[in-house]
$ cat model08.cif   # mmCIF, C-alpha atoms and all ligand atoms
data_start
#
loop_
_atom_site.label_atom_id
_atom_site.label_comp_id
_atom_site.auth_asym_id
_atom_site.auth_seq_id
_atom_site.Cartn_x
_atom_site.Cartn_y
_atom_site.Cartn_z
CA ASN X 13 -5.15 5.08 28.64
CA ASN X 14 -2.02 7.14 29.07
CA VAL X 15 -3.44 10.68 28.90
CA GLY X 16 -1.39 12.94 31.12
CA GLN X 17 1.43 10.41 31.55
CA ILE X 18 3.36 11.48 28.48
CA THR X 19 4.89 14.94 28.63
CA ALA X 20 6.52 17.04 25.91
CA ASP X 21 9.99 16.52 27.32
CA MET X 22 9.71 12.71 27.08
CA ILE X 23 9.23 12.65 23.34
CA ASP X 24 12.89 12.80 22.26
CA MET X 25 13.68 9.74 24.31
CA LEU X 26 10.54 7.82 23.35
CA SER X 27 10.96 8.57 19.65
CA LYS X 28 14.28 6.73 19.49
CA LYS X 29 12.98 3.31 20.32
CA ALA X 30 9.25 3.23 20.80
CA PHE X 31 8.15 5.11 17.66
CA PRO X 32 7.73 3.43 14.30
CA LEU X 33 9.95 4.67 11.50
CA CYS X 34 7.27 6.99 10.07
CA MET X 35 6.97 8.88 13.36
CA GLN X 36 10.72 8.83 14.01
CA SER X 37 11.23 10.46 10.61
CA LEU X 38 8.65 13.11 11.39
CA HIS X 39 10.28 13.78 14.74
CA VAL X 40 13.78 14.14 13.29
CA SER X 41 12.47 16.37 10.54
CA LEU X 42 10.64 18.58 13.03
CA ARG X 43 13.71 18.93 15.24
CA GLN X 44 15.94 19.70 12.26
CA SER X 45 13.77 22.22 10.44
CA HIS X 46 11.64 23.51 13.36
CA HIS X 47 8.66 23.07 11.11
CA LEU X 48 6.43 20.40 9.57
CA LYS X 49 4.00 20.88 6.73
CA HIS X 50 0.31 20.25 7.26
CA GLY X 51 0.33 16.54 6.34
CA GLY X 52 3.15 15.91 8.79
CA ARG X 53 1.57 17.92 11.59
CA GLN X 54 -1.62 15.91 11.21
CA GLN X 55 0.00 12.48 11.02
CA TYR X 56 2.42 13.17 13.88
CA GLY X 57 0.10 15.31 16.02
CA LEU X 58 -2.67 12.71 16.09
CA PHE X 59 -0.19 9.93 16.82
CA LEU X 60 1.15 11.91 19.80
CA LYS X 61 -2.37 12.46 21.02
CA GLY X 62 -2.87 8.69 20.73
CA ILE X 63 0.14 7.88 22.91
CA GLY X 64 -1.26 10.09 25.67
CA LEU X 65 0.07 13.60 25.12
CA SER X 66 -2.52 15.99 26.55
CA LEU X 67 -3.64 19.10 24.66
CA GLU X 68 -1.66 21.28 27.04
CA GLU X 69 1.53 19.28 26.53
CA ALA X 70 0.96 19.11 22.77
CA MET X 71 0.67 22.89 22.61
CA LYS X 72 3.91 23.20 24.56
CA PHE X 73 5.68 20.65 22.36
CA TRP X 74 4.78 22.30 19.04
CA ARG X 75 5.18 25.85 20.31
CA ILE X 76 8.71 25.33 21.65
CA GLU X 77 9.89 23.82 18.37
CA PHE X 78 8.11 26.16 15.91
CA CYS X 79 9.11 29.24 17.94
CA LYS X 80 12.77 28.54 17.23
CA LEU X 81 11.86 29.95 13.80
CA ILE X 82 8.76 32.13 14.20
CA ASP X 83 7.44 34.32 17.00
CA VAL X 84 4.81 33.19 19.47
CA ASP X 85 2.10 35.46 18.03
CA LYS X 86 2.46 33.94 14.63
CA PHE X 87 2.40 30.46 16.11
CA ASP X 88 -0.78 31.19 18.03
CA LYS X 89 -2.45 32.66 14.94
CA GLN X 90 -1.43 30.05 12.42
CA TYR X 91 -1.01 26.76 14.22
CA SER X 92 -2.71 26.59 17.59
CA TYR X 93 -6.25 26.39 16.16
CA ASN X 94 -5.38 23.22 14.31
CA ILE X 95 -3.87 21.58 17.37
CA ARG X 96 -6.97 22.37 19.45
CA HIS X 97 -9.10 21.17 16.55
CA ASN X 98 -7.36 17.78 16.58
CA TYR X 99 -8.24 17.49 20.26
CA GLY X 100 -11.89 18.27 19.53
CA LYS X 101 -11.79 21.77 20.98
CA GLU X 102 -12.65 23.69 17.80
CA GLY X 103 -14.93 23.37 14.77
CA LYS X 104 -17.30 20.45 14.96
CA ARG X 105 -15.58 19.19 18.08
CA ALA X 106 -15.03 15.71 16.77
CA ASP X 107 -12.55 13.55 18.64
CA TYR X 108 -10.10 12.86 15.81
CA THR X 109 -8.31 9.53 15.89
CA PRO X 110 -4.74 8.79 14.81
CA TYR X 111 -4.21 7.49 11.27
CA SER X 112 -3.85 3.76 10.64
CA CYS X 113 -1.04 2.31 8.50
CA MET X 114 -3.56 1.63 5.74
CA LYS X 115 -4.54 5.29 5.62
CA ILE X 116 -0.92 6.47 5.72
CA ILE X 117 0.14 4.02 3.04
CA MET X 118 -2.83 4.44 0.70
CA SER X 119 -3.70 8.13 0.83
CA ASN X 120 -2.08 11.56 0.57
CA ALA X 121 1.36 10.49 -0.71
CA PRO X 122 4.08 12.94 0.36
CA GLY X 123 5.33 15.50 -2.16
CA PRO X 124 8.60 17.47 -2.16
CA GLY X 125 9.29 19.00 1.25
CA ASP X 126 6.81 16.71 3.00
CA SER X 127 7.91 14.41 5.81
CA HIS X 128 4.73 12.41 6.31
CA GLY X 129 3.86 9.02 4.84
CA CYS X 130 5.22 5.51 5.43
CA PRO X 131 8.99 5.24 4.83
CA PHE X 132 8.60 1.60 3.74
CA LYS X 133 6.26 2.70 0.97
CA HIS X 134 7.31 6.25 0.17
CA ILE X 135 11.11 6.29 0.40
CA ASP X 136 13.21 5.10 -2.52
CA GLN X 137 14.27 1.49 -1.79
CA ASP X 138 18.02 2.11 -2.02
CA LEU X 139 17.79 5.10 0.28
CA LEU X 140 15.70 3.13 2.74
CA LYS X 141 18.27 0.35 2.75
CA GLN X 142 21.10 2.79 3.36
CA ARG X 143 19.20 4.41 6.16
CA LEU X 144 18.48 1.09 7.85
CA LYS X 145 22.16 0.18 7.57
CA THR X 146 23.20 3.36 9.36
CA MET X 147 20.79 2.33 12.13
CA ASN X 148 22.74 -0.92 12.54
CA ILE X 149 19.90 -3.16 11.48
CA GLY X 150 21.47 -6.63 11.13
CA ASP X 151 21.76 -8.19 7.66
CA GLN X 152 19.31 -11.01 8.31
CA TYR X 153 16.63 -8.46 9.27
CA LEU X 154 17.60 -6.09 6.46
CA ASP X 155 17.10 -8.79 3.81
CA LYS X 156 13.67 -9.63 5.19
CA ILE X 157 12.62 -5.99 5.40
CA VAL X 158 13.70 -5.30 1.83
CA SER X 159 12.00 -8.39 0.43
CA GLU X 160 8.70 -7.43 2.12
CA VAL X 161 9.01 -3.91 0.70
CA LYS X 162 9.57 -5.36 -2.78
CA THR X 163 6.33 -7.32 -2.61
CA GLY X 164 4.40 -4.32 -1.33
CA ARG X 165 3.82 -5.68 2.17
CA TYR X 166 4.91 -2.43 3.82
CA ASN X 167 3.38 -3.07 7.23
CA VAL X 168 5.03 -6.51 7.34
CA ALA X 169 8.37 -4.82 6.57
CA CYS X 170 7.58 -2.52 9.52
CA THR X 171 6.94 -5.58 11.70
CA ARG X 172 10.36 -7.03 10.78
CA TYR X 173 11.86 -3.62 11.62
CA PHE X 174 10.13 -3.78 15.01
CA GLU X 175 11.74 -7.16 15.67
CA ALA X 176 15.17 -5.87 14.63
CA THR X 177 15.02 -2.80 16.87
CA HIS X 178 13.63 -4.69 19.86
CA LYS X 179 16.14 -7.55 19.56
CA LEU X 180 13.40 -10.09 18.98
CA PRO X 181 13.79 -13.16 16.81
CA LEU X 182 12.64 -12.74 13.21
CA GLU X 183 8.95 -13.39 12.71
CA TYR X 184 8.42 -13.26 16.41
CA GLN X 185 5.40 -10.97 16.19
CA ALA X 186 2.18 -12.95 16.07
CA GLN X 187 0.38 -9.94 14.63
CA ALA X 188 1.61 -7.64 11.91
CA ILE X 189 1.75 -3.94 12.68
CA SER X 190 -1.34 -2.22 11.32
CA HIS X 191 -1.32 1.01 13.29
CA PRO X 192 1.49 3.31 14.45
CA ASN X 193 -0.07 3.49 17.92
CA GLN X 194 -0.18 -0.31 18.08
CA TYR X 195 3.56 -0.23 17.32
CA PHE X 196 4.07 2.14 20.24
CA GLU X 197 2.05 0.03 22.64
CA GLU X 198 3.78 -3.19 21.63
CA SER X 199 7.11 -1.47 22.08
CA GLN X 200 6.20 -0.33 25.58
CA ARG X 201 5.10 -3.87 26.40
CA ALA X 202 8.31 -5.39 25.00
CA SER X 203 10.50 -2.99 27.00
CA ASN X 204 8.56 -3.24 30.25
CA GLY X 205 8.47 -7.04 30.11
FE1 LIG L 1 4.34 3.81 10.16
FE2 LIG L 1 2.60 1.87 9.65
FE3 LIG L 1 4.51 2.49 7.87
FE4 LIG L 1 5.11 1.25 10.13
S1 LIG L 1 3.83 0.44 8.45
S2 LIG L 1 6.22 2.97 9.25
S3 LIG L 1 3.69 2.18 11.56
S4 LIG L 1 2.81 3.77 8.52
#
$ encode --input "model08.cif" --output "structure tokens"
Amino acid sequence: NNVGQITADMIDMLSKKAFPLCMQSLHVSLRQSHHLKHGGRQQYGLFLKGIGLSLEEAMKFWRIEFCKLIDVDKFDKQYSYNIRHNYGKEGKRADYTPYSCMKIIMSNAPGPGDSHGCPFKHIDQDLLKQRLKTMNIGDQYLDKIVSEVKTGRYNVACTRYFEATHKLPLEYQAQAISHPNQYFEESQRASNG
């Protein structure tokens, strides 16, 4: 595994290409508002743990961003427990695993002000389409993505999005994306040859 190889300062770069749309959205939202609500911190925090961000680096990552808005004392009181908890250092010391697509798609739908969830499922279809267009997703991919969304095959839409952003032929992926960390690993493989 990658533990220790991923540092806080690599995340901006990695998020642009190697993160699935759900995690990219969380990252952008965090950078813009210097905050994420609980659902977002859990979904994103566990994903980052899964790609190999150590507890120390995770603490640094969240602290730097949140402390653009709040002071360090408040951060340590309100947020650091939960981060350590996710790494099994508090409470019942369970080693929490990152959420699968199924879990993200089927449970805890985002409410107003939330940034978590699966964009293919939880964002209005017209907005999603607009957003994909601004990302220069080619029309042939866009049509496929939208038609998968319409039939409720959200993770297949995500797979087509993977192909579009990695310049792979449509329906190249033998296996549909079923986990955000699988997406990350496949992306690393595709870029490193
Ligand atoms: Fe994230 Fe999975 Fe949705 Fe893709 S299908 S955006 S990896 S939750």
$ atom_distance --input "model08.cif" --atom1 "CA of Glu198 in chain X" --atom2 "CA of His178 in chain X"
10.1 Å
$ closest_residue --input "model08.cif" --among "X:Gly51, X:Gly123, X:Gly64, X:Pro131" --to "ligand LIG 1 (chain L)" --atoms "all atoms listed in the file"
X:Pro131
$ residues_near_ligand --input "model08.cif" --ligand "ligand LIG 1 (chain L)" --cutoff "6 Å" --atoms "only C-alpha atoms and all ligand atoms" --output "list in words"
Pro32, Leu33, Cys34, Cys113, Ile116, Cys130, Pro131, Phe132, Tyr166, Asn167, Cys170, Ser190, His191 and Pro192 of chain X
$ write_last_selection --input "model08.cif" --atoms "C-alpha atoms" --output "compact mmCIF listing (two decimals), in the frame of the given file"
# COMPACT_ATOMS: atom_id res chain seq x y z
CA PRO X 32 7.73 3.43 14.30
CA LEU X 33 9.95 4.67 11.50
CA CYS X 34 7.27 6.99 10.07
CA CYS X 113 -1.04 2.31 8.50
CA ILE X 116 -0.92 6.47 5.72
CA CYS X 130 5.22 5.51 5.43
CA PRO X 131 8.99 5.24 4.83
CA PHE X 132 8.60 1.60 3.74
CA TYR X 166 4.91 -2.43 3.82
CA ASN X 167 3.38 -3.07 7.23
CA CYS X 170 7.58 -2.52 9.52
CA SER X 190 -1.34 -2.22 11.32
CA HIS X 191 -1.32 1.01 13.29
CA PRO X 192 1.49 3.31 14.45
$ residues_around --input "model08.cif" --residues "Gly129 in chain X" --least-positions-apart "6" --cutoff "9 Å" --atoms "all atoms listed in the file" --output "PyMOL selection string"
chain X and resi 34+51-52+55+116-117+119-122+135
$ closest_residue --input "model08.cif" --among "X:Ser127, X:Gln152, X:Asn94, X:Ser112" --to "Tyr195 in chain X" --atoms "all atoms listed in the file"
X:Ser112
$ atom_distance --input "model08.cif" --atom1 "CA of Ala188 in chain X" --atom2 "CA of Leu38 in chain X"
21.9 Å
$ closest_residue --input "model08.cif" --among "X:Lys28, X:Leu182, X:Phe73, X:Lys101" --to "His47 in chain X" --atoms "only C-alpha atoms"
X:Phe73
$ atom_distance --input "model08.cif" --atom1 "CA of Gln44 in chain X" --atom2 "CA of Phe78 in chain X"
10.8 Å
$ residues_near_point --input "model08.cif" --point "(10.5, -5.2, 7.6)" --cutoff "7 Å" --atoms "all atoms listed in the file" --output "list in words"
Lys156, Ile157, Val158, Glu160, Val168, Ala169, Cys170, Thr171, Arg172 and Tyr173 of chain X
$ write_last_selection --input "model08.cif" --atoms "C-alpha atoms" --output "JSON list (two decimals), in the coordinates of the input"
[["chain", "number", "residue", "atom", "x", "y", "z"],
["X", 156, "LYS", "CA", 13.67, -9.63, 5.19],
["X", 157, "ILE", "CA", 12.62, -5.99, 5.40],
["X", 158, "VAL", "CA", 13.70, -5.30, 1.83],
["X", 160, "GLU", "CA", 8.70, -7.43, 2.12],
["X", 168, "VAL", "CA", 5.03, -6.51, 7.34],
["X", 169, "ALA", "CA", 8.37, -4.82, 6.57],
["X", 170, "CYS", "CA", 7.58, -2.52, 9.52],
["X", 171, "THR", "CA", 6.94, -5.58, 11.70],
["X", 172, "ARG", "CA", 10.36, -7.03, 10.78],
["X", 173, "TYR", "CA", 11.86, -3.62, 11.62]]
$ closest_residue --input "model08.cif" --among "X:Ile63, X:Ala176, X:Met25, X:Leu48" --to "Tyr91 in chain X" --atoms "all atoms listed in the file"
X:Leu48
$ closest_residue --input "model08.cif" --among "X:Val84, X:His39, X:His46, X:Lys29" --to "Lys179 in chain X" --atoms "only C-alpha atoms"
X:Lys29
